[in-house]
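Below: one structure, written as structure tokens.
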Amino acid sequence: MPLPTAFACCASSPPAPSMICSDPGGRLRSVKSLVRSTVKIPHPSHLPHPIESLRRGNWVKIICGASFEDAVDVRNLSLVYTLAGVDCIDCAADEPVVNAVKEGIDAAMSIAMVNRPWVMISVNDDKEDLHFRKAEFDPVDCPSDCPRPCEKVCPATAILLQRVFEEGELVQNTEWGKLQGGVITERCYGCGRCFPICPYDKIRAITYVRDPSTTTKLLQRSDVDAIEIHTSGRCTDLFSELWNSLGDSLKNVKLVAVSLPNVGESTLPLMNMIYAIMQPYIKCYNLWQLDGRPMSGDIGRGATKEAVDFAVHLAAARNKPHGFYQLAGGTNAFTIKSLKKQGLFQTMTIDGKSLEKSNEDKQARPEQAYIGGIAYGGYARKIVGKILHKMPTLHGLACIEDHPDYLMEAVKEALTLIGMTEYACQNGRMMWCADVYGVLAYLEGSRES
């Protein structure tokens, strides 16, 4: 049978105390049945399940967004992708956001027996990283006849402009009627698509660096498992400063990831310098996030090219630093196919030759896939977000499990992205399925027979 077209992960664990009071029509039971029938339970391993996924090349991380702080959406995204079996959920280093991730995970585990994904918080070492910025403008400065292209281009629906009302009446005269609203800060994650499209050049970027003291407090929580440090690749001084400021709090994490862009020939020396800074103090696993084209996965097929090219570039390099490797930046439904074309999907060899590893890597983990997995960001949020935004809300709040039909639709989308793997049939056989619809068709056929 053919291999699945996407990464697979997950294992079983005891569910959290149920948050679901009732299940009208048994619709939540249908979600549970789908998850149980499609999410792989891996063989027991001496390694933690997310690390075993990295070793095999099955790791999947969902990026809620290093700057995305909409707690309602983060909570529901976490619930859906936990049910779909991700290994890790990456979010902003912000306490309400981390709480939202935890709530989503707990709600998912009350619905189905799935493995608890690791929670990762993202921080930066300087203001040059695109993931740590917000768009800003004053709607009063916007001409009343502006066609508002910023609203249309924003993938996060983070820009809302409305005409001013006077005494309950909408101002109709566009010559003098003004706009109100602007950027919804907590929803903006800094993609930058609104900057060049503004016809009046009114939108500006506000950059920032996450507070190390806040990060340190978050790392002391038992429900934060990993940290990702974004670096611009310009130098290592700021990375070293941040690393030292985090100090003893790093002892609490299970994984340290470093996200960096491809800066050409200086990329590998930079990575080795960063690893030299970390090595004396790191007591856990480490991962390199190869950030191809940041925040562009929802654009289309071509967006994934830079991430795959980054992987190809490093595959040909010698003396790579210790650790796992994972793709990000432009990743979407086409990433797996592109990796397969390059011979980099779930493989420990390229063109029949073993990958070049450092001596330390050979001793520590001699058998591991070159590309440990993929992080999905904008694309993952887009395919589930279009469902979340259809739900009715009460005072801005909406729990997707209160709308089981939407939950089923969202879980299908998430499973289609992450991919299907082995699952047990009634006759005890094991079957490979390429997508969720194949699984659903099979299950429907089994019920009819």
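All residue names refer to the structure tokens as shown: chains lettered A, B, ... in order, residues numbered from 1 in each chain, ligands numbered from 1 in order.
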
Open item on the list: So that I can check the surroundings of A:Ile197, please list as a PyMOL selection string every protein, DNA and RNA residue that reaches within 8 Å of it, counting only C-alpha atoms and ignoring chain neighbours fewer than 4 positions away.
Closed with: chain A and resi 149-150+193+201

- [ ] Could you give me the residues within stretch 188-340 of chain A that DSSP places in helix (DSSP H, G or I), as an NGL selection string?
- [x] :A and (194-197 or 212-219 or 237-252 or 264-278 or 301-315 or 335-340)

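Shortest separation to A:Leu77 among A:Gly65, A:Gly378, A:Gly104, A:Pro50 occurs at residue A:Gly104, atoms counted being only C-alpha atoms.
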
Task: Residues of stretch 274-321 of chain A in strand (DSSP E or B), written as an MDAnalysis selection string - done: chainID A and resid 285:291

Serialized selection, C-alpha atoms, as a short mmCIF file (atom, residue, chain, number, x, y, z; two decimals), in the first residue's frame:
```
data_model
loop_
_atom_site.label_atom_id
_atom_site.label_comp_id
_atom_site.auth_asym_id
_atom_site.auth_seq_id
_atom_site.Cartn_x
_atom_site.Cartn_y
_atom_site.Cartn_z
CA TYR A 285 16.66 17.79 22.98
CA ASN A 286 17.27 20.52 20.43
CA LEU A 287 15.67 21.29 17.10
CA TRP A 288 16.43 23.57 14.15
CA GLN A 289 13.44 25.21 12.49
CA LEU A 290 14.30 25.96 8.87
CA ASP A 291 12.18 29.03 8.22
#
```

Open item on the list: Just want the 9 Å neighbourhood of stretch 212-227 of chain A, counted on only C-alpha atoms, with same-chain residues fewer than 5 positions away dropped. Output as a count of residues only.
Closed with: 28

Open item on the list: Set the distance at 9 Å and use only C-alpha atoms: which residues neighbour A:Ile274 once local chain neighbours fewer than 3 positions away are removed? I'd like the list as a VMD selection string.
Closed with: chain A and resid 236 239 to 240 258 269 to 271 277 to 279

Using N, CA and C atoms, can you export the residues from the last selection as a short mmCIF file (atom, residue, chain, number, x, y, z; two decimals), in the first residue's frame?
```cif
data_model
loop_
_atom_site.label_atom_id
_atom_site.label_comp_id
_atom_site.auth_asym_id
_atom_site.auth_seq_id
_atom_site.Cartn_x
_atom_site.Cartn_y
_atom_site.Cartn_z
N THR A 236 25.28 36.56 16.58
CA THR A 236 24.92 35.70 17.71
C THR A 236 24.92 36.43 19.04
N PHE A 239 21.43 36.61 20.54
CA PHE A 239 21.01 35.27 20.92
C PHE A 239 21.65 34.88 22.25
N SER A 240 22.94 35.12 22.36
CA SER A 240 23.66 34.78 23.59
C SER A 240 23.10 35.54 24.79
N VAL A 258 15.42 26.40 17.69
CA VAL A 258 15.94 27.68 17.17
C VAL A 258 15.40 27.84 15.76
N PRO A 269 27.72 28.12 9.42
CA PRO A 269 28.57 28.66 10.50
C PRO A 269 27.77 29.32 11.62
N LEU A 270 26.69 30.03 11.24
CA LEU A 270 25.84 30.65 12.25
C LEU A 270 25.21 29.59 13.16
N MET A 271 24.69 28.53 12.56
CA MET A 271 24.06 27.47 13.35
C MET A 271 25.06 26.83 14.31
N ILE A 277 26.95 28.10 21.76
CA ILE A 277 26.45 28.90 22.89
C ILE A 277 25.55 28.04 23.77
N MET A 278 24.71 27.21 23.14
CA MET A 278 23.74 26.42 23.90
C MET A 278 24.36 25.20 24.56
N GLN A 279 25.30 24.57 23.89
CA GLN A 279 25.75 23.22 24.28
C GLN A 279 26.16 23.06 25.73
#
```

- [ ] To one decimal in Å, tell me the separation between atom CA of A:His389 and atom CA of A:Val153.
- [x] 16.6 Å

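Between atom CA of A:Thr157 and atom CA of A:Pro96 lies a distance of 20.4 Å.
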
Open item on the list: List as a ChimeraX atom specification the protein and nucleic acid residues near A:Lys390, meaning an atom at most 12 Å away when only C-alpha atoms are counted, but skip any in the same chain fewer than 2 places from it.
Closed with: /A:384-388,392-393,398,400,403,405-407,409-410

Task: Residue contacts of stretch 67-72 of chain A (8 Å, only C-alpha atoms) excluding same-chain residues fewer than 2 positions away, as an NGL selection string - done: :A and (64-65 or 74-76 or 91-92 or 94 or 96-97 or 100 or 131-134 or 186-190 or 397-399)

Selected residues, C-alpha atoms, written as an mmCIF file, in the first residue's frame, please.
```
data_model
loop_
_atom_site.group_PDB
_atom_site.id
_atom_site.type_symbol
_atom_site.label_atom_id
_atom_site.label_comp_id
_atom_site.auth_asym_id
_atom_site.auth_seq_id
_atom_site.Cartn_x
_atom_site.Cartn_y
_atom_site.Cartn_z
ATOM 1 C CA CYS A 64 -0.835 29.342 16.448
ATOM 2 C CA GLY A 65 1.411 32.339 15.798
ATOM 3 C CA VAL A 74 -6.135 29.786 19.845
ATOM 4 C CA ARG A 75 -8.252 27.703 22.202
ATOM 5 C CA ASN A 76 -10.375 26.234 19.405
ATOM 6 C CA CYS A 91 2.016 29.777 20.620
ATOM 7 C CA ALA A 92 2.883 33.281 21.751
ATOM 8 C CA ASP A 94 1.817 35.298 26.607
ATOM 9 C CA PRO A 96 -3.547 34.207 28.453
ATOM 10 C CA VAL A 97 -2.553 32.550 25.174
ATOM 11 C CA ALA A 100 -6.059 29.145 25.969
ATOM 12 C CA HIS A 131 7.068 37.126 13.422
ATOM 13 C CA PHE A 132 7.222 39.759 16.155
ATOM 14 C CA ARG A 133 5.496 42.793 14.746
ATOM 15 C CA LYS A 134 2.025 44.254 14.449
ATOM 16 C CA GLU A 186 -4.571 40.541 19.214
ATOM 17 C CA ARG A 187 -5.448 39.027 15.814
ATOM 18 C CA CYS A 188 -2.610 40.632 13.839
ATOM 19 C CA TYR A 189 0.407 38.334 13.549
ATOM 20 C CA GLY A 190 2.609 40.577 11.430
ATOM 21 C CA LEU A 397 -16.897 33.661 22.899
ATOM 22 C CA ALA A 398 -17.477 30.389 21.102
ATOM 23 C CA CYS A 399 -16.458 26.847 22.064
#
```

- [ ] Determine the nearest neighbour of A:Cys154 from the options A:Thr416, A:Ser296, A:Asn332, A:Ser53, counting only C-alpha atoms.
- [x] A:Ser296

Task: Shell of 8 Å around A:Ile62, only C-alpha atoms, local chain residues under 6 positions omitted, as a list of chain:residue names - done: A:Tyr81, A:Val86, A:Cys88, A:Ile89, A:Asp90, A:Ala375, A:Tyr376, A:Gly377, A:Ala380

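With only C-alpha atoms as the basis for measurement, A:Gly297 is the residue among A:Gly297, A:Pro147, A:Gly57, A:Pro155 that approaches A:Ala328 most closely.
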
TODO: Rank nothing, just name the residue among A:Pro280, A:Gly292, A:Gly85, A:Gly192 nearest to A:Ala414, using only C-alpha atoms.
DONE: A:Gly85

TODO: Could you tell me which of A:Pro294, A:Pro196, A:Gly233, A:Pro143 comes closest to A:Asp126 if we count only C-alpha atoms?
DONE: A:Gly233

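For the set A:Asp237, A:Val60, A:Val411, A:Asp145, the residue with the smallest atom-to-atom gap to A:Ile336 is A:Val60, counting only C-alpha atoms.
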
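The coordinates place atom CA of A:Lys32 at 24.5 Å from atom CA of A:Ala333.
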